[in-house]
$ cat work_17.cif   # mmCIF, N, CA, C and O atoms
data_data
#
loop_
_atom_site.label_atom_id
_atom_site.label_comp_id
_atom_site.auth_asym_id
_atom_site.auth_seq_id
_atom_site.Cartn_x
_atom_site.Cartn_y
_atom_site.Cartn_z
N MET A 23 0.86 -1.17 0.00
CA MET A 23 0.00 0.00 0.00
C MET A 23 0.91 1.23 0.00
O MET A 23 1.85 1.32 0.76
N SER A 24 0.57 2.19 -0.85
CA SER A 24 1.37 3.41 -0.93
C SER A 24 1.13 4.29 0.29
O SER A 24 0.16 4.11 1.03
N SER A 25 2.00 5.25 0.47
CA SER A 25 1.87 6.18 1.59
C SER A 25 0.56 6.97 1.49
O SER A 25 -0.12 7.18 2.48
N ALA A 26 0.22 7.41 0.27
CA ALA A 26 -1.03 8.16 0.08
C ALA A 26 -2.23 7.30 0.41
O ALA A 26 -3.18 7.75 1.07
N ALA A 27 -2.22 6.05 -0.03
CA ALA A 27 -3.34 5.14 0.26
C ALA A 27 -3.46 4.88 1.76
O ALA A 27 -4.57 4.83 2.30
N ALA A 28 -2.33 4.73 2.42
CA ALA A 28 -2.35 4.50 3.87
C ALA A 28 -2.94 5.71 4.60
O ALA A 28 -3.72 5.55 5.55
N LYS A 29 -2.61 6.92 4.14
CA LYS A 29 -3.15 8.13 4.77
C LYS A 29 -4.66 8.22 4.55
O LYS A 29 -5.40 8.59 5.47
N LEU A 30 -5.13 7.87 3.36
CA LEU A 30 -6.56 7.89 3.09
C LEU A 30 -7.29 6.85 3.93
O LEU A 30 -8.37 7.12 4.47
N CYS A 31 -6.70 5.68 4.07
CA CYS A 31 -7.30 4.62 4.89
C CYS A 31 -7.44 5.10 6.33
O CYS A 31 -8.47 4.90 6.97
N THR A 32 -6.41 5.78 6.82
CA THR A 32 -6.45 6.32 8.17
C THR A 32 -7.53 7.40 8.29
O THR A 32 -8.28 7.43 9.27
N LEU A 33 -7.64 8.26 7.29
CA LEU A 33 -8.66 9.31 7.28
C LEU A 33 -10.05 8.71 7.34
O LEU A 33 -10.89 9.12 8.15
N PHE A 34 -10.33 7.72 6.50
CA PHE A 34 -11.65 7.10 6.47
C PHE A 34 -11.94 6.36 7.77
O PHE A 34 -13.04 6.45 8.31
N SER A 35 -10.96 5.64 8.28
CA SER A 35 -11.14 4.90 9.53
C SER A 35 -11.44 5.85 10.68
O SER A 35 -12.31 5.58 11.51
N LEU A 36 -10.75 6.98 10.72
CA LEU A 36 -10.98 7.97 11.77
C LEU A 36 -12.38 8.57 11.66
O LEU A 36 -13.09 8.68 12.67
N ALA A 37 -12.79 8.93 10.46
CA ALA A 37 -14.13 9.50 10.27
C ALA A 37 -15.21 8.51 10.68
O ALA A 37 -16.17 8.88 11.37
N LEU A 38 -15.07 7.26 10.28
CA LEU A 38 -16.06 6.25 10.65
C LEU A 38 -16.08 6.02 12.16
O LEU A 38 -17.15 5.88 12.76
N ALA A 39 -14.92 6.00 12.78
CA ALA A 39 -14.85 5.82 14.24
C ALA A 39 -15.50 6.99 14.97
O ALA A 39 -16.26 6.78 15.93
N LEU A 40 -15.23 8.22 14.53
CA LEU A 40 -15.83 9.39 15.16
C LEU A 40 -17.34 9.39 15.02
O LEU A 40 -18.06 9.85 15.90
N LYS A 41 -17.84 8.88 13.90
CA LYS A 41 -19.28 8.78 13.67
C LYS A 41 -19.91 7.58 14.38
O LYS A 41 -21.11 7.45 14.43
N GLY A 42 -19.07 6.67 14.88
CA GLY A 42 -19.59 5.47 15.54
C GLY A 42 -20.16 4.47 14.55
O GLY A 42 -21.09 3.73 14.87
N ILE A 43 -19.62 4.43 13.34
CA ILE A 43 -20.11 3.55 12.28
C ILE A 43 -19.21 2.32 12.21
O ILE A 43 -18.00 2.43 12.03
N ALA A 44 -19.81 1.14 12.37
CA ALA A 44 -19.06 -0.11 12.23
C ALA A 44 -18.71 -0.32 10.76
O ALA A 44 -19.48 0.04 9.87
N TYR A 45 -17.56 -0.91 10.50
CA TYR A 45 -17.14 -1.11 9.12
C TYR A 45 -16.17 -2.27 9.02
O TYR A 45 -15.59 -2.69 10.02
N ASP A 46 -16.05 -2.81 7.82
CA ASP A 46 -15.04 -3.80 7.50
C ASP A 46 -14.08 -3.16 6.52
O ASP A 46 -14.49 -2.38 5.66
N GLN A 47 -12.81 -3.47 6.64
CA GLN A 47 -11.84 -2.94 5.70
C GLN A 47 -11.79 -3.83 4.47
O GLN A 47 -11.65 -5.04 4.58
N VAL A 48 -11.97 -3.21 3.31
CA VAL A 48 -11.96 -3.91 2.03
C VAL A 48 -10.99 -3.17 1.11
O VAL A 48 -11.06 -1.95 0.99
N PRO A 49 -10.07 -3.88 0.47
CA PRO A 49 -9.14 -3.20 -0.42
C PRO A 49 -9.86 -2.52 -1.59
O PRO A 49 -10.76 -3.11 -2.19
N VAL A 50 -9.47 -1.29 -1.89
CA VAL A 50 -10.06 -0.54 -3.00
C VAL A 50 -8.92 0.12 -3.76
O VAL A 50 -8.02 0.70 -3.16
N ASN A 51 -8.97 0.02 -5.08
CA ASN A 51 -7.99 0.69 -5.92
C ASN A 51 -8.53 2.09 -6.20
O ASN A 51 -9.45 2.26 -7.00
N LEU A 52 -7.96 3.11 -5.53
CA LEU A 52 -8.48 4.46 -5.67
C LEU A 52 -8.30 5.03 -7.06
O LEU A 52 -9.04 5.90 -7.49
N VAL A 53 -7.30 4.57 -7.78
CA VAL A 53 -7.10 5.04 -9.15
C VAL A 53 -8.17 4.43 -10.05
O VAL A 53 -8.83 5.12 -10.82
N LYS A 54 -8.37 3.13 -9.94
CA LYS A 54 -9.35 2.43 -10.78
C LYS A 54 -10.78 2.75 -10.36
O LYS A 54 -11.65 2.96 -11.20
N ASP A 55 -11.05 2.77 -9.07
CA ASP A 55 -12.42 2.91 -8.56
C ASP A 55 -12.81 4.34 -8.25
O ASP A 55 -13.87 4.58 -7.70
N GLY A 56 -11.97 5.30 -8.55
CA GLY A 56 -12.30 6.70 -8.30
C GLY A 56 -11.63 7.19 -7.03
O GLY A 56 -11.61 6.49 -6.04
N GLY A 57 -11.08 8.37 -7.08
CA GLY A 57 -10.31 8.88 -5.96
C GLY A 57 -10.93 10.08 -5.29
O GLY A 57 -10.23 11.01 -4.95
N GLN A 58 -12.22 10.09 -5.13
CA GLN A 58 -12.89 11.21 -4.50
C GLN A 58 -12.88 11.04 -2.99
O GLN A 58 -13.89 10.83 -2.36
N GLN A 59 -11.67 11.15 -2.42
CA GLN A 59 -11.51 10.85 -1.00
C GLN A 59 -12.37 11.72 -0.09
O GLN A 59 -12.98 11.22 0.84
N LEU A 60 -12.45 13.01 -0.34
CA LEU A 60 -13.23 13.87 0.54
C LEU A 60 -14.73 13.73 0.30
O LEU A 60 -15.52 14.01 1.19
N ALA A 61 -15.11 13.27 -0.88
CA ALA A 61 -16.53 13.05 -1.15
C ALA A 61 -17.10 12.03 -0.17
O ALA A 61 -18.26 12.15 0.26
N ILE A 62 -16.30 11.05 0.21
CA ILE A 62 -16.77 10.04 1.18
C ILE A 62 -17.03 10.70 2.53
O ILE A 62 -18.05 10.45 3.17
N ILE A 63 -16.12 11.56 2.96
CA ILE A 63 -16.28 12.25 4.25
C ILE A 63 -17.51 13.16 4.20
O ILE A 63 -18.31 13.20 5.14
N HIS A 64 -17.69 13.89 3.09
CA HIS A 64 -18.85 14.77 2.96
C HIS A 64 -20.15 13.97 2.95
O HIS A 64 -21.15 14.38 3.56
N TYR A 65 -20.15 12.82 2.29
CA TYR A 65 -21.33 11.95 2.27
C TYR A 65 -21.67 11.49 3.69
O TYR A 65 -22.83 11.53 4.09
N LEU A 66 -20.66 11.06 4.45
CA LEU A 66 -20.91 10.64 5.83
C LEU A 66 -21.49 11.79 6.65
O LEU A 66 -22.42 11.58 7.44
N GLU A 67 -20.97 12.98 6.47
CA GLU A 67 -21.46 14.14 7.23
C GLU A 67 -22.89 14.48 6.85
O GLU A 67 -23.71 14.82 7.70
N ASP A 68 -23.22 14.36 5.56
CA ASP A 68 -24.58 14.67 5.10
C ASP A 68 -25.60 13.62 5.50
O ASP A 68 -26.74 13.94 5.82
N THR A 69 -25.20 12.36 5.48
CA THR A 69 -26.16 11.28 5.77
C THR A 69 -26.22 10.91 7.24
O THR A 69 -27.22 10.35 7.69
N ARG A 70 -25.15 11.20 7.98
CA ARG A 70 -25.11 10.90 9.42
C ARG A 70 -24.53 12.11 10.14
O ARG A 70 -23.36 12.13 10.49
N PRO A 71 -25.37 13.13 10.36
CA PRO A 71 -24.87 14.41 10.87
C PRO A 71 -24.39 14.40 12.33
O PRO A 71 -23.76 15.36 12.76
N ASN A 72 -24.70 13.36 13.07
CA ASN A 72 -24.27 13.33 14.48
C ASN A 72 -23.43 12.11 14.77
O ASN A 72 -23.81 11.01 14.38
N PRO A 73 -22.30 12.29 15.44
CA PRO A 73 -21.70 13.56 15.83
C PRO A 73 -21.10 14.27 14.62
O PRO A 73 -20.69 13.63 13.66
N ARG A 74 -21.05 15.57 14.70
CA ARG A 74 -20.55 16.39 13.60
C ARG A 74 -19.04 16.27 13.44
O ARG A 74 -18.31 16.28 14.43
N LEU A 75 -18.60 16.17 12.18
CA LEU A 75 -17.18 16.26 11.86
C LEU A 75 -16.84 17.68 11.41
O LEU A 75 -15.70 18.10 11.52
N LEU A 76 -17.83 18.38 10.89
CA LEU A 76 -17.65 19.73 10.37
C LEU A 76 -18.50 20.71 11.18
O LEU A 76 -19.52 20.33 11.76
N PRO A 77 -18.10 21.99 11.23
CA PRO A 77 -18.90 22.98 11.95
C PRO A 77 -20.30 23.12 11.35
O PRO A 77 -20.50 22.89 10.16
N GLN A 78 -21.26 23.50 12.17
CA GLN A 78 -22.63 23.67 11.70
C GLN A 78 -22.79 24.95 10.89
O GLN A 78 -23.54 25.00 9.93
N ASP A 79 -22.04 25.99 11.26
CA ASP A 79 -22.10 27.27 10.55
C ASP A 79 -21.60 27.09 9.11
O ASP A 79 -20.49 26.59 8.89
N PRO A 80 -22.41 27.48 8.10
CA PRO A 80 -22.03 27.26 6.69
C PRO A 80 -20.70 27.90 6.30
O PRO A 80 -19.93 27.31 5.55
N LYS A 81 -20.41 29.10 6.79
CA LYS A 81 -19.15 29.77 6.44
C LYS A 81 -17.96 29.00 7.02
O LYS A 81 -16.97 28.76 6.33
N LYS A 82 -18.06 28.60 8.28
CA LYS A 82 -16.97 27.84 8.90
C LYS A 82 -16.81 26.47 8.24
O LYS A 82 -15.71 25.98 8.06
N ARG A 83 -17.95 25.84 7.89
CA ARG A 83 -17.91 24.54 7.21
C ARG A 83 -17.21 24.68 5.86
O ARG A 83 -16.37 23.84 5.48
N ALA A 84 -17.50 25.75 5.12
CA ALA A 84 -16.85 25.98 3.83
C ALA A 84 -15.35 26.18 4.01
O ALA A 84 -14.55 25.69 3.21
N GLN A 85 -14.95 26.88 5.08
CA GLN A 85 -13.53 27.09 5.34
C GLN A 85 -12.83 25.76 5.63
O GLN A 85 -11.73 25.51 5.14
N VAL A 86 -13.47 24.91 6.43
CA VAL A 86 -12.90 23.60 6.75
C VAL A 86 -12.78 22.77 5.47
O VAL A 86 -11.76 22.12 5.24
N ARG A 87 -13.80 22.81 4.62
CA ARG A 87 -13.75 22.06 3.36
C ARG A 87 -12.64 22.58 2.44
O ARG A 87 -11.96 21.81 1.78
N MET A 88 -12.45 23.89 2.42
CA MET A 88 -11.39 24.48 1.60
C MET A 88 -10.01 24.01 2.09
O MET A 88 -9.17 23.59 1.29
N ILE A 89 -9.82 24.04 3.39
CA ILE A 89 -8.54 23.58 3.96
C ILE A 89 -8.36 22.09 3.72
O ILE A 89 -7.27 21.64 3.35
N SER A 90 -9.43 21.31 3.88
CA SER A 90 -9.37 19.87 3.64
C SER A 90 -9.00 19.56 2.20
O SER A 90 -8.20 18.66 1.92
N ASP A 91 -9.59 20.30 1.26
CA ASP A 91 -9.27 20.11 -0.16
C ASP A 91 -7.79 20.40 -0.42
O ASP A 91 -7.14 19.68 -1.17
N HIS A 92 -7.29 21.45 0.21
CA HIS A 92 -5.88 21.82 0.04
C HIS A 92 -4.97 20.71 0.57
O HIS A 92 -4.00 20.31 -0.10
N ILE A 93 -5.29 20.18 1.74
CA ILE A 93 -4.48 19.11 2.33
C ILE A 93 -4.58 17.85 1.47
O ILE A 93 -3.58 17.21 1.18
N ALA A 94 -5.79 17.48 1.05
CA ALA A 94 -5.99 16.27 0.25
C ALA A 94 -5.25 16.37 -1.08
O ALA A 94 -4.70 15.37 -1.56
N SER A 95 -5.20 17.55 -1.66
CA SER A 95 -4.49 17.67 -2.95
C SER A 95 -2.98 17.50 -2.77
O SER A 95 -2.29 17.13 -3.70
N GLY A 96 -2.49 17.72 -1.56
CA GLY A 96 -1.09 17.48 -1.28
C GLY A 96 -0.78 16.01 -1.01
O GLY A 96 0.32 15.55 -1.22
N ILE A 97 -1.80 15.28 -0.55
CA ILE A 97 -1.63 13.86 -0.27
C ILE A 97 -1.77 13.05 -1.55
O ILE A 97 -0.99 12.17 -1.85
N GLN A 98 -2.78 13.38 -2.33
CA GLN A 98 -3.02 12.69 -3.59
C GLN A 98 -3.46 13.73 -4.60
O GLN A 98 -4.38 14.50 -4.31
N PRO A 99 -2.86 13.80 -5.77
CA PRO A 99 -3.22 14.80 -6.77
C PRO A 99 -4.71 14.76 -7.10
O PRO A 99 -5.30 13.68 -7.14
N LEU A 100 -5.30 15.93 -7.34
CA LEU A 100 -6.69 15.99 -7.77
C LEU A 100 -6.86 15.27 -9.09
O LEU A 100 -5.97 15.30 -9.95
N GLN A 101 -8.01 14.62 -9.26
CA GLN A 101 -8.22 13.85 -10.48
C GLN A 101 -9.27 14.47 -11.35
O GLN A 101 -10.13 15.11 -10.96
#
$ encode --input "work_17.cif" --output "structure tokens"
Amino acid sequence: MSSAAAKLCTLFSLALALKGIAYDQVPVNLVKDGGQQLAIIHYLEDTRPNPRLLPQDPKKRAQVRMISDHIASGIQPLQ
């Protein structure tokens, strides 16, 4: 597993744990199967809003998403 893939796996595992969502780890090829890493986090926040991962205030939430996009683009190039 590449360093970028390991970081994404950690990100997803952390988000699921914070949300209290049980999961099984299944290998996924992010290049072949799509690399929308933050889309998964946004989906979890939209479908399971509690506990919150992002601020409730729309302006603060947009700022967090902007920073997250910047960090994610440094981990894995935008596709």
$ atom_distance --input "work_17.cif" --atom1 "CA of Gln47 in chain A" --atom2 "CA of Thr32 in chain A"
11.0 Å
$ atom_distance --input "work_17.cif" --atom1 "atom C of Arg74 in chain A" --atom2 "CA of Ile43 in chain A"
12.8 Å
$ axis_aligned_box --input "work_17.cif" --around "range 38-50 of chain A" --padding-each-side "3 Å" --output "JSON"
{"center_x": -14.6, "center_y": 2.4, "center_z": 6.1, "size_x": 19.1, "size_y": 20.9, "size_z": 25.7}
$ residues_near_point --input "work_17.cif" --point "(-18.0, 15.8, 14.0)" --cutoff "12 Å" --atoms "only C-alpha atoms" --output "NGL selection string"
:A and (36-42 or 63-64 or 66-68 or 70-78 or 83 or 86)
